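See below for run.txt, which holds compact mmCIF, C-alpha atoms.
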# COMPACT_ATOMS: atom_id res chain seq x y z
CA ILE A 1 -7.83 -31.84 -14.95
CA ARG A 2 -6.43 -30.93 -18.36
CA LEU A 3 -5.44 -27.30 -19.02
CA ALA A 4 -7.92 -26.97 -21.88
CA ASP A 5 -10.74 -28.39 -19.76
CA SER A 6 -9.94 -26.04 -16.91
CA LEU A 7 -9.97 -23.09 -19.31
CA ALA A 8 -13.19 -24.31 -20.88
CA ASN A 9 -14.96 -24.23 -17.51
CA CYS A 10 -13.91 -20.61 -17.08
CA ALA A 11 -14.78 -19.75 -20.70
CA VAL A 12 -18.37 -20.92 -20.21
CA ALA A 13 -18.85 -18.39 -17.42
CA LEU A 14 -17.23 -15.65 -19.51
CA HIS A 15 -19.03 -16.54 -22.77
CA ALA A 16 -15.56 -16.67 -24.31
CA PRO A 17 -15.12 -18.29 -27.74
CA THR A 18 -13.36 -21.61 -28.27
CA SER A 19 -10.77 -19.76 -30.34
CA ALA A 20 -9.59 -17.96 -27.19
CA ILE A 21 -8.88 -21.31 -25.45
CA ARG A 22 -7.17 -22.72 -28.53
CA SER A 23 -5.03 -19.59 -28.92
CA LEU A 24 -4.01 -19.60 -25.24
CA CYS A 25 -3.07 -23.30 -25.32
CA SER A 26 -1.05 -22.78 -28.49
CA LEU A 27 0.86 -19.90 -26.92
CA ALA A 28 1.48 -21.97 -23.78
CA ARG A 29 3.11 -24.67 -25.94
CA VAL A 30 5.97 -22.30 -26.83
CA ASN A 31 5.97 -20.15 -23.70
CA VAL A 32 6.63 -21.96 -20.44
CA GLY A 33 6.27 -18.73 -18.46
CA LEU A 34 2.70 -18.27 -19.68
CA TRP A 35 1.86 -21.95 -19.04
CA SER A 36 3.25 -21.75 -15.50
CA ALA A 37 1.40 -18.49 -14.70
CA VAL A 38 -1.95 -19.90 -15.84
CA ARG A 39 -1.36 -23.22 -14.08
CA ASN A 40 -0.36 -21.76 -10.69
CA GLY A 41 -2.94 -18.99 -10.76
CA SER A 42 -0.58 -15.98 -10.84
CA LEU A 43 -2.36 -15.13 -14.10
CA ARG A 44 -6.10 -15.42 -13.61
CA LYS A 45 -7.85 -17.50 -16.27
CA HIS A 46 -10.47 -14.87 -17.04
CA ILE A 47 -7.72 -12.32 -17.71
CA ALA A 48 -5.73 -14.78 -19.84
CA LEU A 49 -8.78 -15.62 -21.98
CA ASN A 50 -9.44 -11.93 -22.64
CA GLY A 51 -5.85 -10.97 -23.40
CA THR A 52 -4.44 -10.43 -26.87
CA GLU A 53 -1.69 -12.70 -28.20
CA ASP A 54 0.89 -9.90 -27.93
CA GLN A 55 -0.10 -9.18 -24.32
CA LEU A 56 0.05 -12.85 -23.34
CA ARG A 57 3.33 -13.44 -25.16
CA GLU A 58 4.93 -10.43 -23.45
CA PHE A 59 3.61 -11.44 -20.04
CA GLY A 60 4.80 -15.02 -20.48
CA ARG A 61 8.32 -13.86 -21.30
CA SER A 62 8.38 -11.78 -18.12
CA GLN A 63 7.47 -14.88 -16.05
CA GLU A 64 10.02 -17.33 -17.47
CA LYS A 65 12.62 -16.43 -14.85
CA PHE A 66 10.27 -17.62 -12.10
CA VAL A 67 9.71 -21.11 -13.57
CA THR A 68 11.17 -23.89 -11.41
CA GLU A 69 12.88 -27.03 -12.68
CA GLU A 70 9.92 -29.10 -11.49
CA GLU A 71 7.48 -26.92 -13.45
CA LEU A 72 9.71 -27.13 -16.51
CA ALA A 73 9.54 -30.93 -16.36
CA LEU A 74 5.75 -30.84 -15.97
CA TRP A 75 5.48 -28.46 -18.92
CA ARG A 76 7.48 -30.84 -21.11
CA ASP A 77 5.17 -33.69 -20.09
CA TRP A 78 2.16 -31.54 -20.93
CA LEU A 79 3.53 -30.86 -24.42
CA VAL A 80 3.04 -34.54 -25.21
CA THR A 81 -0.75 -34.20 -24.76
CA ALA A 82 -1.10 -30.56 -25.80
CA ASP A 83 -1.86 -31.34 -29.45
CA ALA A 84 -4.72 -33.62 -28.44
CA GLU A 85 -6.14 -31.01 -26.08
CA ILE A 86 -6.04 -28.33 -28.77
CA GLN A 87 -7.50 -30.73 -31.35
CA ASP A 88 -10.40 -31.47 -28.99
CA MET A 89 -11.34 -27.81 -29.16
CA ASP A 90 -12.37 -28.33 -32.81
CA ASP A 91 -15.22 -30.55 -31.59
CA THR A 92 -16.57 -27.85 -29.30
CA GLU A 93 -19.21 -25.53 -30.62
CA PRO A 94 -17.85 -21.95 -30.50
CA VAL A 95 -19.63 -19.13 -28.77
CA GLU A 96 -20.69 -16.48 -31.26
CA LYS A 97 -19.88 -13.38 -29.22
CA GLU A 98 -16.21 -12.37 -29.35
CA PRO A 99 -15.03 -10.64 -26.14
CA GLN A 100 -13.64 -7.12 -26.44
CA LYS A 101 -10.10 -6.41 -25.29
CA ASP A 102 -10.71 -3.19 -23.40
CA SER A 103 -8.34 -1.04 -21.37
CA LYS A 104 -9.36 -2.75 -18.11
CA THR A 105 -8.15 -6.11 -19.42
CA GLU A 106 -4.87 -4.59 -20.53
CA GLU A 107 -4.44 -2.87 -17.16
CA ALA A 108 -5.12 -6.13 -15.32
CA LEU A 109 -2.45 -7.93 -17.35
CA LYS A 110 0.07 -5.24 -16.50
CA MET A 111 -0.74 -5.46 -12.80
CA GLN A 112 -0.31 -9.24 -12.97
CA SER A 113 3.36 -8.66 -13.90
CA LEU A 114 4.05 -7.18 -10.46
CA ARG A 115 5.53 -9.32 -7.74
CA ASP A 116 3.35 -10.09 -4.72
CA TYR A 117 4.95 -7.51 -2.43
CA GLN A 118 4.67 -4.87 -5.18
CA LYS A 119 0.97 -5.68 -5.61
CA SER A 120 0.57 -5.35 -1.85
CA ALA A 121 2.20 -1.91 -1.94
CA VAL A 122 -0.12 -0.74 -4.73
CA GLN A 123 -3.13 -2.13 -2.87
CA ALA A 124 -2.08 -0.36 0.33
CA VAL A 125 -1.77 2.99 -1.45
CA ARG A 126 -5.15 2.42 -3.11
CA SER A 127 -6.85 1.47 0.15
CA ILE A 128 -6.10 4.76 1.93
CA SER A 129 -6.86 7.05 -1.01
CA PRO A 130 -7.06 10.07 -1.04
CA GLU A 131 -4.68 10.35 1.93
CA ASN A 132 -1.01 11.17 1.33
CA CYS A 133 1.32 8.26 2.06
CA CYS A 134 4.80 6.83 1.68
CA VAL A 135 5.88 3.46 0.22
CA VAL A 136 9.04 2.08 1.84
CA LEU A 137 10.82 -0.79 0.06
CA PRO A 138 14.38 -2.18 0.25
CA CYS A 139 16.95 -1.03 -2.27
CA GLY A 140 16.51 -2.90 -5.56
CA ALA A 141 12.94 -3.98 -4.77
CA GLY A 142 11.48 -2.18 -7.79
CA LYS A 143 10.16 1.11 -6.42
CA THR A 144 10.05 2.60 -9.91
CA ARG A 145 7.81 -0.22 -11.10
CA VAL A 146 5.48 0.30 -8.14
CA GLY A 147 5.37 4.02 -8.91
CA ALA A 148 4.66 3.31 -12.58
CA ALA A 149 1.83 0.97 -11.58
CA LEU A 150 0.35 3.71 -9.39
CA THR A 151 0.67 6.17 -12.28
CA SER A 152 -1.05 3.82 -14.72
CA GLU A 153 -3.83 3.01 -12.27
CA PHE A 154 -4.41 6.70 -11.49
CA LEU A 155 -4.71 7.64 -15.17
CA GLU A 156 -6.93 4.62 -15.85
CA SER A 157 -9.30 5.80 -13.12
CA SER A 158 -9.35 9.34 -14.56
CA PRO A 159 -11.04 9.06 -17.97
CA GLY A 160 -11.54 12.13 -20.11
CA SER A 161 -9.29 14.61 -21.85
CA ALA A 162 -5.52 14.54 -21.45
CA ALA A 163 -5.62 17.86 -19.61
CA GLY A 164 -8.11 16.52 -17.04
CA SER A 165 -5.54 14.59 -14.98
CA ALA A 166 -1.83 14.91 -14.37
CA VAL A 167 0.94 12.97 -12.65
CA VAL A 168 4.15 14.79 -11.71
CA VAL A 169 7.10 12.60 -10.71
CA LEU A 170 9.90 14.29 -8.79
CA CYS A 171 13.32 12.63 -9.17
CA LEU A 172 16.68 13.39 -7.58
CA ARG A 173 18.71 13.24 -10.80
CA ARG A 174 18.29 12.95 -14.55
CA GLU A 175 19.31 9.28 -14.34
CA GLY A 176 16.17 8.71 -12.30
CA ILE A 177 14.07 10.48 -14.92
CA ARG A 178 15.47 8.26 -17.67
CA GLN A 179 14.75 5.16 -15.59
CA TRP A 180 11.14 6.28 -15.04
CA LYS A 181 10.64 7.11 -18.70
CA ARG A 182 11.93 3.71 -19.79
CA GLU A 183 9.73 1.85 -17.27
CA LEU A 184 6.59 3.80 -18.22
CA SER A 185 7.17 3.33 -21.94
CA GLN A 186 8.33 -0.29 -22.10
CA ASN A 187 6.11 -1.90 -19.46
CA TRP A 188 3.04 0.34 -19.20
CA GLY A 189 2.69 1.94 -22.64
CA LEU A 190 2.75 5.46 -21.22
CA SER A 191 4.55 8.45 -22.70
CA ALA A 192 6.00 11.12 -20.42
CA TYR A 193 7.11 14.72 -20.75
CA GLU A 194 10.73 15.04 -19.63
CA ALA A 195 11.23 18.55 -18.24
CA GLY A 196 14.53 20.10 -19.27
CA ALA A 197 15.40 17.37 -21.77
CA SER A 198 17.72 18.24 -24.62
CA GLY A 199 15.92 19.07 -27.86
CA ALA A 200 13.05 21.42 -28.48
CA ALA A 201 9.70 20.44 -27.00
CA GLN A 202 6.63 20.63 -29.18
CA PRO A 203 4.40 23.67 -28.57
CA GLY A 204 1.78 22.88 -25.96
CA GLU A 205 3.38 19.51 -25.12
CA LEU A 206 3.54 20.24 -21.40
CA THR A 207 -0.10 21.32 -21.18
CA THR A 208 -1.34 18.12 -22.86
CA SER A 209 1.03 15.62 -21.21
CA GLN A 210 -0.46 13.49 -18.47
CA VAL A 211 2.85 12.37 -16.99
CA ILE A 212 5.60 14.90 -16.28
CA LEU A 213 9.07 13.86 -15.08
CA VAL A 214 11.15 16.55 -13.40
CA THR A 215 13.97 16.88 -10.87
CA TYR A 216 13.50 18.44 -7.45
CA HIS A 217 16.14 21.00 -8.39
CA ARG A 218 14.28 22.18 -11.48
CA MET A 219 11.01 22.49 -9.58
CA LEU A 220 12.72 24.55 -6.87
CA CYS A 221 14.32 26.80 -9.49
CA GLU A 222 10.96 27.34 -11.21
CA ARG A 223 9.32 28.20 -7.90
CA ARG A 224 12.09 30.61 -6.93
CA ARG A 225 11.89 32.35 -10.32
CA ALA A 226 8.09 32.57 -10.21
CA LEU A 227 8.13 34.05 -6.71
CA ALA A 228 10.77 36.58 -7.73
CA GLU A 229 8.75 37.66 -10.77
CA ASN A 230 5.25 37.57 -9.32
CA GLY A 231 5.77 37.88 -5.59
CA PRO A 232 4.47 35.54 -2.87
CA GLU A 233 0.98 37.02 -3.19
CA ALA A 234 0.62 35.63 -6.72
CA GLY A 235 1.40 32.15 -5.48
CA GLY A 236 3.14 31.15 -8.72
CA SER A 237 5.35 28.09 -8.77
CA GLY A 238 6.30 27.73 -12.44
CA SER A 239 4.93 26.05 -15.56
CA ILE A 240 5.00 22.46 -14.27
CA ALA A 241 3.25 23.38 -11.04
CA ALA A 242 0.70 25.32 -13.10
CA ARG A 243 0.04 22.23 -15.23
CA LEU A 244 -0.56 20.11 -12.12
CA CYS A 245 -2.80 22.69 -10.50
CA ALA A 246 -4.84 23.16 -13.69
CA ALA A 247 -5.77 19.46 -13.80
CA ASP A 248 -9.06 18.27 -12.33
CA ARG A 249 -7.16 15.54 -10.46
CA GLY A 250 -3.46 15.34 -9.74
CA LEU A 251 -0.98 12.82 -8.37
CA LEU A 252 2.41 13.97 -7.10
CA ILE A 253 5.00 11.19 -6.72
CA ALA A 254 8.11 12.04 -4.73
CA ASP A 255 10.81 9.54 -5.64
CA GLU A 256 13.55 9.11 -3.02
CA CYS A 257 11.24 10.98 -0.67
CA HIS A 258 13.68 10.93 2.23
CA MET A 259 14.58 14.29 0.64
CA VAL A 260 11.11 15.73 1.35
CA PRO A 261 11.85 16.92 4.93
CA ALA A 262 14.32 19.47 3.48
CA PRO A 263 12.61 22.82 4.25
CA LYS A 264 12.52 24.17 0.69
CA ILE A 265 11.22 20.92 -0.80
CA CYS A 266 8.64 20.54 1.96
CA GLU A 267 7.46 24.11 1.26
CA LEU A 268 7.25 23.35 -2.47
CA LEU A 269 5.18 20.19 -1.99
CA SER A 270 2.86 21.88 0.49
CA SER A 271 2.10 24.56 -2.09
CA LEU A 272 1.06 21.92 -4.64
CA LEU A 273 -1.26 19.78 -2.53
CA SER A 274 -5.01 20.20 -2.24
CA SER A 275 -8.14 18.08 -1.86
CA SER A 276 -7.83 17.04 -5.53
CA ARG A 277 -4.07 16.48 -5.53
CA ARG A 278 -2.43 13.64 -3.65
CA LEU A 279 1.20 12.99 -2.64
CA VAL A 280 2.75 9.51 -2.67
CA GLY A 281 6.36 9.12 -1.60
CA LEU A 282 8.74 6.33 -2.60
CA THR A 283 11.84 5.44 -0.63

Would you mind writing the structure in this file as structure tokens?
Amino acid sequence: IRLADSLANCAVALHAPTSAIRSLCSLARVNVGLWSAVRNGSLRKHIALNGTEDQLREFGRSQEKFVTEEELALWRDWLVTADAEIQDMDDTEPVEKEPQKDSKTEEALKMQSLRDYQKSAVQAVRSISPENCCVVLPCGAGKTRVGAALTSEFLESSPGSAAGSAVVVLCLRREGIRQWKRELSQNWGLSAYEAGASGAAQPGELTTSQVILVTYHRMLCERRRALAENGPEAGGSGSIAARLCAADRGLLIADECHMVPAPKICELLSSLLSSSRRLVGLT
């Protein structure tokens, strides 16, 4: 079955316009990663038809490294007939209603960029919510990307004001914070407050940020200072802990969580958890 025909069958069920099929086929002509993902099913057709050109182009580029030599040869063969397939779309009566590209479509496209074992890890964490848990992956398997996916999914499921939900990511070193910030920004479109970063923070930035990146050391220092100033009865743990506790829902991600059993860190995390705040470890 031709690619355009296969997409057309799906478009009928979605009430998608002919222009969406034509646009997707045109992009696939110059993007073998996108063509391969649609063909082998790693990118679902209903998601592809609802994606914007920029989203599809970006996703296709991320998939090019997975294209085999055999698929590359098939793609080149398909290019010979691609013009005819796209031209045939002009003879198809378009559907009047244009689909909206909402946040759910964008989120689905982002999740499609994960590898299978990363998707399985995200699904496992989701399936036992709201229980605390730990994700264990080999070194270099992309734990930061899994954590970023969990962050994005958590915020997507927590609509409302920026102050209504918060994710605090604990990292061992500042290099880890920079890696998280880059991953969140480049691949998930999320901005993050970097605690202790050089340069003056904007007034109120911490209280309105949904993602806060901080080292274990800084959190321990804030807790020690707050306890010294207010005493254990006050239960203070510093400004970042206060931001997490003030949110309606909170997610605490402990990167390199083999550090968590350390008594002081374990005490810190225990003070932050509640029925509305969940801990997910990555190691």

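Using only C-alpha atoms for every distance, the candidate list A:Ser36, A:Ser42, A:Lys264, A:Ile47 yields A:Ser36 as the residue closest to Val67 of chain A.
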
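Rounded to one decimal, atom CA of Ser274 of chain A and atom CA of Cys171 of chain A lie 21.0 Å from each other.
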
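Between atom CA of Cys257 of chain A and atom CA of Val125 of chain A there is a distance of 15.3 Å.
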
For segment 222-224 of chain A, list every protein, DNA or RNA residue within 12 Å, evaluated using all atoms listed in the file, and leave out those in the same chain fewer than 3 positions away; present the list as a PDB file with C-alpha atoms, in the frame of the given file.
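Saved file around_29.pdb follows:
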ATOM      1  CA  ALA A 195      11.230  18.550 -18.240  1.00  0.00           C
ATOM      2  CA  GLY A 196      14.530  20.100 -19.270  1.00  0.00           C
ATOM      3  CA  VAL A 214      11.150  16.550 -13.400  1.00  0.00           C
ATOM      4  CA  THR A 215      13.970  16.880 -10.870  1.00  0.00           C
ATOM      5  CA  TYR A 216      13.500  18.440  -7.450  1.00  0.00           C
ATOM      6  CA  HIS A 217      16.140  21.000  -8.390  1.00  0.00           C
ATOM      7  CA  ARG A 218      14.280  22.180 -11.480  1.00  0.00           C
ATOM      8  CA  MET A 219      11.010  22.490  -9.580  1.00  0.00           C
ATOM      9  CA  LEU A 227       8.130  34.050  -6.710  1.00  0.00           C
ATOM     10  CA  ALA A 228      10.770  36.580  -7.730  1.00  0.00           C
ATOM     11  CA  GLU A 229       8.750  37.660 -10.770  1.00  0.00           C
ATOM     12  CA  ASN A 230       5.250  37.570  -9.320  1.00  0.00           C
ATOM     13  CA  GLY A 231       5.770  37.880  -5.590  1.00  0.00           C
ATOM     14  CA  PRO A 232       4.470  35.540  -2.870  1.00  0.00           C
ATOM     15  CA  ALA A 234       0.620  35.630  -6.720  1.00  0.00           C
ATOM     16  CA  GLY A 235       1.400  32.150  -5.480  1.00  0.00           C
ATOM     17  CA  GLY A 236       3.140  31.150  -8.720  1.00  0.00           C
ATOM     18  CA  SER A 237       5.350  28.090  -8.770  1.00  0.00           C
ATOM     19  CA  GLY A 238       6.300  27.730 -12.440  1.00  0.00           C
ATOM     20  CA  SER A 239       4.930  26.050 -15.560  1.00  0.00           C
ATOM     21  CA  ILE A 240       5.000  22.460 -14.270  1.00  0.00           C
ATOM     22  CA  ALA A 241       3.250  23.380 -11.040  1.00  0.00           C
ATOM     23  CA  ALA A 242       0.700  25.320 -13.100  1.00  0.00           C
ATOM     24  CA  LYS A 264      12.520  24.170   0.690  1.00  0.00           C
ATOM     25  CA  ILE A 265      11.220  20.920  -0.800  1.00  0.00           C
ATOM     26  CA  GLU A 267       7.460  24.110   1.260  1.00  0.00           C
ATOM     27  CA  LEU A 268       7.250  23.350  -2.470  1.00  0.00           C
ATOM     28  CA  LEU A 269       5.180  20.190  -1.990  1.00  0.00           C
ATOM     29  CA  SER A 271       2.100  24.560  -2.090  1.00  0.00           C
ATOM     30  CA  LEU A 272       1.060  21.920  -4.640  1.00  0.00           C
TER      31      LEU A 272
END

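When atom CA of Ile128 of chain A is paired with atom CA of Gln186 of chain A, their separation reads 28.5 Å.
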
Inset, instruction - Write out as JSON, numbers by chain each polymer residue whose atoms come within 10 Å of Arg57 of chain A, counting only C-alpha atoms; drop sequence neighbours fewer than 5 positions from it. - result: {"A": [24, 27, 28, 30, 31, 33, 34, 51, 52, 62]}

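Those residues that approach segment 244-255 of chain A to within 7 Å, counting only C-alpha atoms, are Ala163, Gly164, Ser165, Ala166, Val167, Val168, Val169, Leu170, Cys171, Ser276, Arg277, Arg278, Leu279, Val280, Gly281, Leu282 and Thr283 of chain A; same-chain residues fewer than 5 positions away are not listed.
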
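Closest approach to Val136 of chain A among A:Gln179, A:Glu256, A:Val32, A:Asp77: A:Glu256, based on all atoms listed in the file.
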
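Considering the residues A:Ser158, A:Gln63, A:Thr68, A:Asn132 and counting all atoms listed in the file, Leu114 of chain A has its shortest atom-to-atom contact with A:Gln63.
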
Grab all the atoms of segment 117-122 of chain A that the file lists, wrap them in a box along x, y and z, add 8 Å per side, and give me centre plus edge lengths in Å (one decimal) as AutoDock Vina command-line options.
--center_x 2.4 --center_y -4.1 --center_z -3.7 --size_x 21.1 --size_y 22.8 --size_z 19.8

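Closest approach to Glu175 of chain A among A:Gln118, A:Trp35, A:Glu194, A:Trp188 is made by A:Glu194 (distances from all atoms listed in the file).
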
Inset, instruction - Measuring atom to atom with all atoms listed in the file, identify which of A:Val260, A:Leu72, A:Leu172, A:Ile177 is nearest to Leu213 of chain A. - result: A:Ile177

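Proximity to Val135 of chain A was assessed for A:Ser275, A:Arg29, A:His258, A:Glu58 counting all atoms listed in the file; the smallest distance is recorded for A:His258.
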